[in-house]
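Chemist: Supplied in structure tokens, the structure appears directly below.
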Amino acid sequence: MSEFKLPDIGEGIVECEVVEWRVQEGDEIAEDQPVVEVMTDKALVEITAPASGRVTRLHVAKGETARVHEPLFAYQPEGEAVSEASDPGVAETSVSREEPASEPSSEGQAREFILPDIGEGIVECEVVEWRIKEGDTIAEDQPVVDVMTDKAMVEITAPESGRVSRLHVAKGETARVHAPLFAYIPDADASEASTAPERKTEATQASSSAESPRAEAPSPSERRGDGGRGQGQGAYGRIPASPAVRRLLRENDLRLEQVPGSGKDGRVLKGDVLAYLEAGGAAGGETAATSASASLETAEPQAAEARVEPLRGVRAAMAKRMVESASTIPHFQYGEEIDVTELLALRERLKPRAEASEMRLTLMPFFMKALALAVEAFPILNSRLDAEAEEIHYLPHCNVGMAVDGKAGLMVPNVKNVGRLSLLEIAGEVQRLTADARDGRVSQADLRDGTISISNIGALGGTYAAPIINAPEVAIVAIGKTQWLPRFDDQGEVVSRAIMTATWAGDHRLIDGGTIARFCNVWKGFLEEPETMLLELR
């Protein structure tokens, strides 16, 4: 029997009222069939069935309040044997004809953790790393598993204290929303289960050893969850390493704790793994000599083979969105040079004040603030075209996105309502979003509702770029590196000035060359004479 827990049904909503059940206990249900209508403080929401099966229990009566992440109804998935505990008659008959029941004391008390909604429109995700393994004790809110959606890395935490009894989805495999992710025995049930006969433990150990091909090799569950216990580990014994490094370890049948990490806090880098392999490192209990011999034998074929990995997560989403944007939006480019000499001088004067507030003041907050001010004069740059290309929607706030080269791939989180924020507030948001993106943990709220974007390629050394619009936005600017170049002043003398390039891409269905040129001139004016922004601040 599986429990369906009420998923997140709106930002900030923690409970709702059950308005109408569309099913009764005992009814057969089909996947995506409407099951119940609930009323939040904002709207009427229809909840559908996660899978085909039979409804066994309705936990919340009509007119009563249901809480998010609490069981809403129970159902027997199609094709799954009916639980003995659900039918006393069946249980009695079954127990009488089977051998002594040694397992129901623990398995009968196990609860299924159902993967909740982890983002609007997301129905599945990849399991990147288990922080636990079967048999581990967990605490409430302890990080249990990292999963990768097509937008960001998400950390799933334990709903309550207990002991993990089963991991349903292996590392690297796909987990589905509203399906069981792992099973656990809550503390209250675990204490009761601990009084079971000792033979159960012995039988479990014997079963595990029989399944393992070699006594010295780690079991699959250990490989999935063991992060080592060495120096420099994070919380719950986890050695820092990126998903790409962990994938490389799996491909070479290595465990993370075998490879010495040279990065911060003991982080294992790709170079560490390659160096370990070149030095004759091997998996499990194999000797260095055996590994070296094997690598010599296979070196030539491996050199001729391409390494293949599936396109998943953020990179898969980026590939899809960029193809869609480039093929459906008629792009045009517009380039400009901006003299940021005065802006750099102003930032140097303001940096000590920002540092006193523990803020790192970069040029990005100035770019964003000037952009929000320029948008007020040209609101077409802060609009959207509807799907049928029949209406222009002028957006009430300027939410400026910034492309960040994060651990999980390219992300574009956005700073909300830039026009109403101070430079220090923008700097704080930029600092927070950059750190989250580089860790691959940007929230869905930070990725939604962007209205115009900035890509700072200059931070990596680029001078020019032809950016692709982040649909459904209508414009994006790529900022190149700042260079000190010779220019003529008003007296005709050659002087050294800080010159930055900016390349715009616009949606030619809405924006023409003249509009973006005039808009860019306003934006450029604010950046070249930053004190003029004071006249526009509220």
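Residue numbering restarts at 1 in every chain; chains get A, B, ... in the order shown in the structure tokens, and ligands count up from 1 in that same order.
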Need to verify the contact set: region 432-442 of chain A, 9 Å, only C-alpha atoms, exclusion of same-chain residues closer than 2 positions in sequence. Can you return it as a PyMOL selection string?

Modeler: chain A and resi 148+151-155+402+404-415+427-430+444-447

Chemist: Okay, now the selection with N, CA, C and O atoms, as an mmCIF file, in the first residue's frame?

Modeler:
```cif
data_model
loop_
_atom_site.group_PDB
_atom_site.id
_atom_site.type_symbol
_atom_site.label_atom_id
_atom_site.label_comp_id
_atom_site.auth_asym_id
_atom_site.auth_seq_id
_atom_site.Cartn_x
_atom_site.Cartn_y
_atom_site.Cartn_z
ATOM 1 N N MET A 148 18.660 16.038 -9.186
ATOM 2 C CA MET A 148 18.845 17.064 -10.212
ATOM 3 C C MET A 148 17.612 17.128 -11.108
ATOM 4 O O MET A 148 17.229 16.136 -11.736
ATOM 5 N N LYS A 151 16.232 22.079 -13.928
ATOM 6 C CA LYS A 151 16.492 23.484 -13.615
ATOM 7 C C LYS A 151 17.562 23.669 -12.545
ATOM 8 O O LYS A 151 18.315 24.633 -12.585
ATOM 9 N N ALA A 152 17.609 22.781 -11.574
ATOM 10 C CA ALA A 152 18.538 23.010 -10.462
ATOM 11 C C ALA A 152 18.743 21.735 -9.659
ATOM 12 O O ALA A 152 18.022 20.750 -9.819
ATOM 13 N N MET A 153 19.743 21.770 -8.790
ATOM 14 C CA MET A 153 19.985 20.698 -7.822
ATOM 15 C C MET A 153 19.100 20.962 -6.606
ATOM 16 O O MET A 153 19.034 22.082 -6.109
ATOM 17 N N VAL A 154 18.421 19.921 -6.136
ATOM 18 C CA VAL A 154 17.507 20.049 -4.999
ATOM 19 C C VAL A 154 17.927 19.061 -3.925
ATOM 20 O O VAL A 154 18.221 17.902 -4.215
ATOM 21 N N GLU A 155 17.958 19.524 -2.688
ATOM 22 C CA GLU A 155 18.314 18.683 -1.538
ATOM 23 C C GLU A 155 17.035 18.242 -0.845
ATOM 24 O O GLU A 155 16.219 19.057 -0.440
ATOM 25 N N MET A 402 20.620 37.085 -14.444
ATOM 26 C CA MET A 402 22.064 37.084 -14.716
ATOM 27 C C MET A 402 22.509 35.651 -14.948
ATOM 28 O O MET A 402 22.212 34.756 -14.151
ATOM 29 N N VAL A 404 24.762 32.573 -14.822
ATOM 30 C CA VAL A 404 25.820 32.121 -13.919
ATOM 31 C C VAL A 404 26.277 30.736 -14.354
ATOM 32 O O VAL A 404 25.458 29.837 -14.556
ATOM 33 N N ASP A 405 27.576 30.567 -14.502
ATOM 34 C CA ASP A 405 28.153 29.276 -14.872
ATOM 35 C C ASP A 405 28.295 28.442 -13.614
ATOM 36 O O ASP A 405 29.334 28.438 -12.959
ATOM 37 N N GLY A 406 27.218 27.739 -13.246
ATOM 38 C CA GLY A 406 27.179 27.012 -11.989
ATOM 39 C C GLY A 406 27.685 25.590 -12.104
ATOM 40 O O GLY A 406 28.031 25.108 -13.185
ATOM 41 N N LYS A 407 27.707 24.893 -10.946
ATOM 42 C CA LYS A 407 28.187 23.515 -10.888
ATOM 43 C C LYS A 407 27.324 22.592 -11.740
ATOM 44 O O LYS A 407 27.830 21.662 -12.364
ATOM 45 N N ALA A 408 26.028 22.842 -11.772
ATOM 46 C CA ALA A 408 25.122 21.976 -12.510
ATOM 47 C C ALA A 408 24.948 22.407 -13.958
ATOM 48 O O ALA A 408 24.272 21.743 -14.729
ATOM 49 N N GLY A 409 25.575 23.504 -14.373
ATOM 50 C CA GLY A 409 25.408 24.020 -15.722
ATOM 51 C C GLY A 409 24.980 25.480 -15.687
ATOM 52 O O GLY A 409 24.949 26.112 -14.630
ATOM 53 N N LEU A 410 24.643 26.027 -16.849
ATOM 54 C CA LEU A 410 24.254 27.431 -16.948
ATOM 55 C C LEU A 410 22.885 27.659 -16.320
ATOM 56 O O LEU A 410 21.912 26.986 -16.656
ATOM 57 N N MET A 411 22.808 28.617 -15.401
ATOM 58 C CA MET A 411 21.545 29.000 -14.771
ATOM 59 C C MET A 411 21.367 30.502 -14.908
ATOM 60 O O MET A 411 22.347 31.247 -14.972
ATOM 61 N N VAL A 412 20.109 30.942 -14.931
ATOM 62 C CA VAL A 412 19.823 32.373 -15.040
ATOM 63 C C VAL A 412 18.843 32.777 -13.941
ATOM 64 O O VAL A 412 17.654 33.007 -14.196
ATOM 65 N N PRO A 413 19.298 32.843 -12.683
ATOM 66 C CA PRO A 413 18.427 33.374 -11.620
ATOM 67 C C PRO A 413 18.234 34.866 -11.818
ATOM 68 O O PRO A 413 19.020 35.513 -12.526
ATOM 69 N N ASN A 414 17.206 35.424 -11.222
ATOM 70 C CA ASN A 414 16.956 36.851 -11.430
ATOM 71 C C ASN A 414 16.698 37.574 -10.115
ATOM 72 O O ASN A 414 16.173 37.004 -9.161
ATOM 73 N N VAL A 415 17.099 38.846 -10.100
ATOM 74 C CA VAL A 415 16.861 39.728 -8.958
ATOM 75 C C VAL A 415 15.505 40.388 -9.182
ATOM 76 O O VAL A 415 15.280 41.055 -10.190
ATOM 77 N N ALA A 427 23.212 44.276 -4.593
ATOM 78 C CA ALA A 427 24.487 43.586 -4.384
ATOM 79 C C ALA A 427 24.303 42.346 -3.515
ATOM 80 O O ALA A 427 24.906 41.286 -3.772
ATOM 81 N N GLY A 428 23.469 42.458 -2.474
ATOM 82 C CA GLY A 428 23.210 41.311 -1.602
ATOM 83 C C GLY A 428 22.531 40.174 -2.350
ATOM 84 O O GLY A 428 22.871 38.999 -2.162
ATOM 85 N N GLU A 429 21.565 40.517 -3.206
ATOM 86 C CA GLU A 429 20.874 39.502 -3.999
ATOM 87 C C GLU A 429 21.812 38.851 -5.013
ATOM 88 O O GLU A 429 21.778 37.635 -5.220
ATOM 89 N N VAL A 430 22.640 39.667 -5.661
ATOM 90 C CA VAL A 430 23.605 39.134 -6.627
ATOM 91 C C VAL A 430 24.555 38.160 -5.939
ATOM 92 O O VAL A 430 24.850 37.073 -6.451
ATOM 93 N N GLN A 444 13.414 27.392 -7.203
ATOM 94 C CA GLN A 444 12.582 27.609 -8.383
ATOM 95 C C GLN A 444 12.067 29.048 -8.443
ATOM 96 O O GLN A 444 11.930 29.623 -9.525
ATOM 97 N N ALA A 445 11.791 29.646 -7.293
ATOM 98 C CA ALA A 445 11.290 31.023 -7.263
ATOM 99 C C ALA A 445 12.318 31.990 -7.843
ATOM 100 O O ALA A 445 11.961 32.969 -8.506
ATOM 101 N N ASP A 446 13.610 31.727 -7.606
ATOM 102 C CA ASP A 446 14.656 32.610 -8.124
ATOM 103 C C ASP A 446 14.870 32.450 -9.619
ATOM 104 O O ASP A 446 15.479 33.308 -10.256
ATOM 105 N N LEU A 447 14.404 31.347 -10.192
ATOM 106 C CA LEU A 447 14.565 31.115 -11.624
ATOM 107 C C LEU A 447 13.363 31.578 -12.435
ATOM 108 O O LEU A 447 13.459 31.728 -13.647
#
```

Chemist: Set the distance at 7 Å and use only C-alpha atoms: which residues neighbour Ile338 (chain A) once local chain neighbours fewer than 3 positions away are removed? I'd like the list as a ChimeraX atom specification.

Modeler: /A:499-501,524,528

Chemist: Given the selection you just returned, output its residues as a file containing C-alpha atoms, formatted as a PDB file, in the first residue's frame.

Modeler:
```
ATOM      1  CA  ILE A 499      36.220  50.585 -22.310  1.00  0.00           C
ATOM      2  CA  MET A 500      33.639  47.831 -22.008  1.00  0.00           C
ATOM      3  CA  THR A 501      31.763  46.207 -24.887  1.00  0.00           C
ATOM      4  CA  LYS A 524      24.941  53.735 -21.541  1.00  0.00           C
ATOM      5  CA  GLU A 528      29.161  56.533 -18.229  1.00  0.00           C
TER       6      GLU A 528
END
```

Chemist: Show me, as a ChimeraX atom specification, the residues that have an atom within 10 Å of Tyr184 (chain A) when counting only C-alpha atoms, minus same-chain residues fewer than 6 positions from it.

Modeler: /A:106-107,109-113,134-138,158-167,190

Chemist: Could you dump the residues just selected with N, CA, C and O atoms as a short mmCIF file (atom, residue, chain, number, x, y, z; two decimals), in the first residue's frame?

Modeler:
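Below you can see result-v5.cif, which holds the result:
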```
data_model
loop_
_atom_site.label_atom_id
_atom_site.label_comp_id
_atom_site.auth_asym_id
_atom_site.auth_seq_id
_atom_site.Cartn_x
_atom_site.Cartn_y
_atom_site.Cartn_z
N SER A 106 9.36 -5.36 11.32
CA SER A 106 10.02 -4.12 10.89
C SER A 106 9.43 -3.61 9.60
O SER A 106 9.14 -2.44 9.46
N GLU A 107 9.23 -4.54 8.61
CA GLU A 107 8.75 -4.07 7.32
C GLU A 107 7.32 -3.55 7.40
O GLU A 107 6.94 -2.67 6.67
N GLN A 109 6.10 -1.85 9.67
CA GLN A 109 6.07 -0.53 10.27
C GLN A 109 6.77 0.51 9.39
O GLN A 109 6.81 1.68 9.72
N ALA A 110 7.36 0.08 8.29
CA ALA A 110 8.09 1.00 7.42
C ALA A 110 7.13 1.96 6.73
O ALA A 110 6.03 1.59 6.35
N ARG A 111 7.56 3.21 6.62
CA ARG A 111 6.77 4.22 5.92
C ARG A 111 7.46 4.61 4.62
O ARG A 111 8.69 4.64 4.56
N GLU A 112 6.68 4.88 3.61
CA GLU A 112 7.23 5.29 2.33
C GLU A 112 7.35 6.82 2.28
O GLU A 112 6.41 7.53 2.64
N PHE A 113 8.52 7.30 1.85
CA PHE A 113 8.68 8.74 1.60
C PHE A 113 8.39 8.97 0.13
O PHE A 113 9.10 8.48 -0.74
N GLU A 134 21.03 2.10 3.26
CA GLU A 134 20.05 1.27 3.95
C GLU A 134 20.60 0.84 5.31
O GLU A 134 21.74 0.39 5.41
N GLY A 135 19.78 1.01 6.35
CA GLY A 135 20.19 0.67 7.70
C GLY A 135 20.65 1.87 8.51
O GLY A 135 20.78 1.78 9.73
N ASP A 136 20.93 3.01 7.84
CA ASP A 136 21.39 4.20 8.55
C ASP A 136 20.28 4.81 9.40
O ASP A 136 19.09 4.73 9.06
N THR A 137 20.68 5.43 10.49
CA THR A 137 19.75 6.20 11.32
C THR A 137 19.71 7.63 10.81
O THR A 137 20.74 8.22 10.51
N ILE A 138 18.52 8.19 10.69
CA ILE A 138 18.36 9.56 10.18
C ILE A 138 17.66 10.42 11.22
O ILE A 138 16.88 9.92 12.03
N ALA A 158 14.98 14.51 5.45
CA ALA A 158 14.17 13.48 6.11
C ALA A 158 12.94 14.12 6.76
O ALA A 158 13.05 15.16 7.42
N PRO A 159 11.75 13.49 6.64
CA PRO A 159 10.54 14.06 7.24
C PRO A 159 10.51 13.90 8.76
O PRO A 159 9.86 14.69 9.44
N GLU A 160 11.20 12.87 9.29
CA GLU A 160 11.24 12.64 10.74
C GLU A 160 12.39 11.70 11.06
O GLU A 160 13.03 11.15 10.17
N SER A 161 12.66 11.53 12.34
CA SER A 161 13.74 10.66 12.76
C SER A 161 13.37 9.19 12.57
O SER A 161 12.19 8.84 12.67
N GLY A 162 14.36 8.36 12.34
CA GLY A 162 14.08 6.94 12.18
C GLY A 162 15.26 6.20 11.60
O GLY A 162 16.40 6.65 11.69
N ARG A 163 14.98 5.06 10.96
CA ARG A 163 16.02 4.24 10.34
C ARG A 163 15.62 3.90 8.92
O ARG A 163 14.48 3.50 8.66
N VAL A 164 16.55 4.05 7.98
CA VAL A 164 16.27 3.80 6.57
C VAL A 164 16.20 2.29 6.34
O VAL A 164 17.12 1.56 6.70
N SER A 165 15.10 1.85 5.73
CA SER A 165 14.95 0.42 5.48
C SER A 165 15.17 0.06 4.01
O SER A 165 15.57 -1.06 3.69
N ARG A 166 14.95 1.04 3.11
CA ARG A 166 15.13 0.71 1.69
C ARG A 166 15.27 1.98 0.86
O ARG A 166 14.60 2.98 1.12
N LEU A 167 16.17 1.95 -0.13
CA LEU A 167 16.30 3.02 -1.13
C LEU A 167 15.69 2.50 -2.42
O LEU A 167 16.17 1.53 -2.99
N ALA A 190 10.69 1.99 15.36
CA ALA A 190 11.98 1.31 15.35
C ALA A 190 12.30 0.70 16.71
O ALA A 190 12.88 -0.38 16.81
#
```

Chemist: Taking 5 positions as the minimum chain separation for residues in the same chain, which residues sit within 10 Å of Gln33 (chain A) when counting only C-alpha atoms? Answer as a list in words.

Modeler: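 Listing them by chain and then by number gives Arg22, Val23, Glu46, Ile47, Thr48, Ala49, Pro50, Ala51 and Ser52 of chain A.
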
Chemist: Between CA of Gly462 (chain A) and CA of Gly263 (chain A), what distance in Å does the model show, to one decimal?

Modeler: 26.4 Å

Chemist: Need the shell around Val340 (chain A): protein/DNA/RNA residues with any atom at most 9 Å away, counting only C-alpha atoms. Skip same-chain ones fewer than 4 positions apart. Format as an NGL selection string?

Modeler: :A and (344-345 or 482 or 497-500 or 527-529)

Chemist: Write a file of the just-selected residues containing N, CA, C and O atoms, as a compact mmCIF listing (two decimals), in the first residue's frame.

Modeler:
```
# COMPACT_ATOMS: atom_id res chain seq x y z
N LEU A 344 34.01 52.85 -12.61
CA LEU A 344 35.01 52.12 -11.83
C LEU A 344 35.51 52.96 -10.65
O LEU A 344 35.71 52.44 -9.54
N ALA A 345 35.70 54.27 -10.88
CA ALA A 345 36.16 55.16 -9.81
C ALA A 345 35.11 55.25 -8.70
O ALA A 345 35.44 55.24 -7.50
N THR A 482 36.39 44.57 -19.50
CA THR A 482 36.79 45.97 -19.54
C THR A 482 38.29 46.06 -19.85
O THR A 482 39.09 45.37 -19.22
N ARG A 497 41.38 55.15 -21.22
CA ARG A 497 40.02 55.03 -20.69
C ARG A 497 39.64 53.56 -20.56
O ARG A 497 40.12 52.69 -21.30
N ALA A 498 38.77 53.27 -19.59
CA ALA A 498 38.27 51.91 -19.38
C ALA A 498 37.08 51.68 -20.30
O ALA A 498 36.02 52.28 -20.11
N ILE A 499 37.25 50.82 -21.30
CA ILE A 499 36.22 50.58 -22.31
C ILE A 499 35.66 49.17 -22.16
O ILE A 499 36.41 48.19 -22.10
N MET A 500 34.34 49.10 -22.12
CA MET A 500 33.64 47.83 -22.01
C MET A 500 32.73 47.66 -23.21
O MET A 500 32.12 48.63 -23.67
N LEU A 527 25.60 54.57 -17.14
CA LEU A 527 26.84 53.90 -16.77
C LEU A 527 28.06 54.80 -16.97
O LEU A 527 29.02 54.72 -16.20
N GLU A 528 28.02 55.65 -17.99
CA GLU A 528 29.16 56.53 -18.23
C GLU A 528 29.17 57.72 -17.27
O GLU A 528 30.24 58.25 -16.94
N GLU A 529 27.99 58.14 -16.82
CA GLU A 529 27.87 59.22 -15.83
C GLU A 529 27.00 58.69 -14.69
O GLU A 529 25.83 59.06 -14.58
```

Chemist: Give one line per residue of region 410-489 of chain A that approaches region 513-521 of chain A to at most 12 Å, naming the two atoms of the closest pair and their distance in Å to one decimal, counting only C-alpha atoms; sort by chain then ascending residue number and deliver it as a Markdown table.

Modeler:
```
| residue | atom | partner | partner_atom | distance |
| --- | --- | --- | --- | --- |
| A:Val474 | CA | A:Ile516 | CA | 11.0 |
| A:Ala475 | CA | A:Ile516 | CA | 9.2 |
| A:Ile476 | CA | A:Ile516 | CA | 10.9 |
| A:Val477 | CA | A:Cys520 | CA | 9.9 |
```

Chemist: Just the selected residues (N, CA and C atoms), exported as a compact mmCIF listing (two decimals), in the first residue's frame, please.

Modeler:
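Dumped to part.txt:
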```
# COMPACT_ATOMS: atom_id res chain seq x y z
N VAL A 474 12.43 39.30 -24.13
CA VAL A 474 12.57 39.83 -25.48
C VAL A 474 13.94 40.44 -25.74
N ALA A 475 14.83 40.45 -24.73
CA ALA A 475 16.16 41.03 -24.93
C ALA A 475 17.14 40.47 -23.92
N ILE A 476 18.40 40.45 -24.32
CA ILE A 476 19.50 40.04 -23.45
C ILE A 476 20.74 40.80 -23.88
N VAL A 477 21.62 41.12 -22.94
CA VAL A 477 22.86 41.81 -23.27
C VAL A 477 24.04 40.98 -22.76
```

Chemist: Set the distance at 10 Å and use only C-alpha atoms: which residues neighbour Phe367 (chain A) once local chain neighbours fewer than 3 positions away are removed? I'd like the list as a list in words.

Modeler: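 Residues near the query, excluding close chain neighbours: Thr362, Leu363, Met364, Ala370, Leu371, Ala372, Val400, Ile454, Ile479, Trp523, Lys524, Phe526 and Leu527 of chain A.
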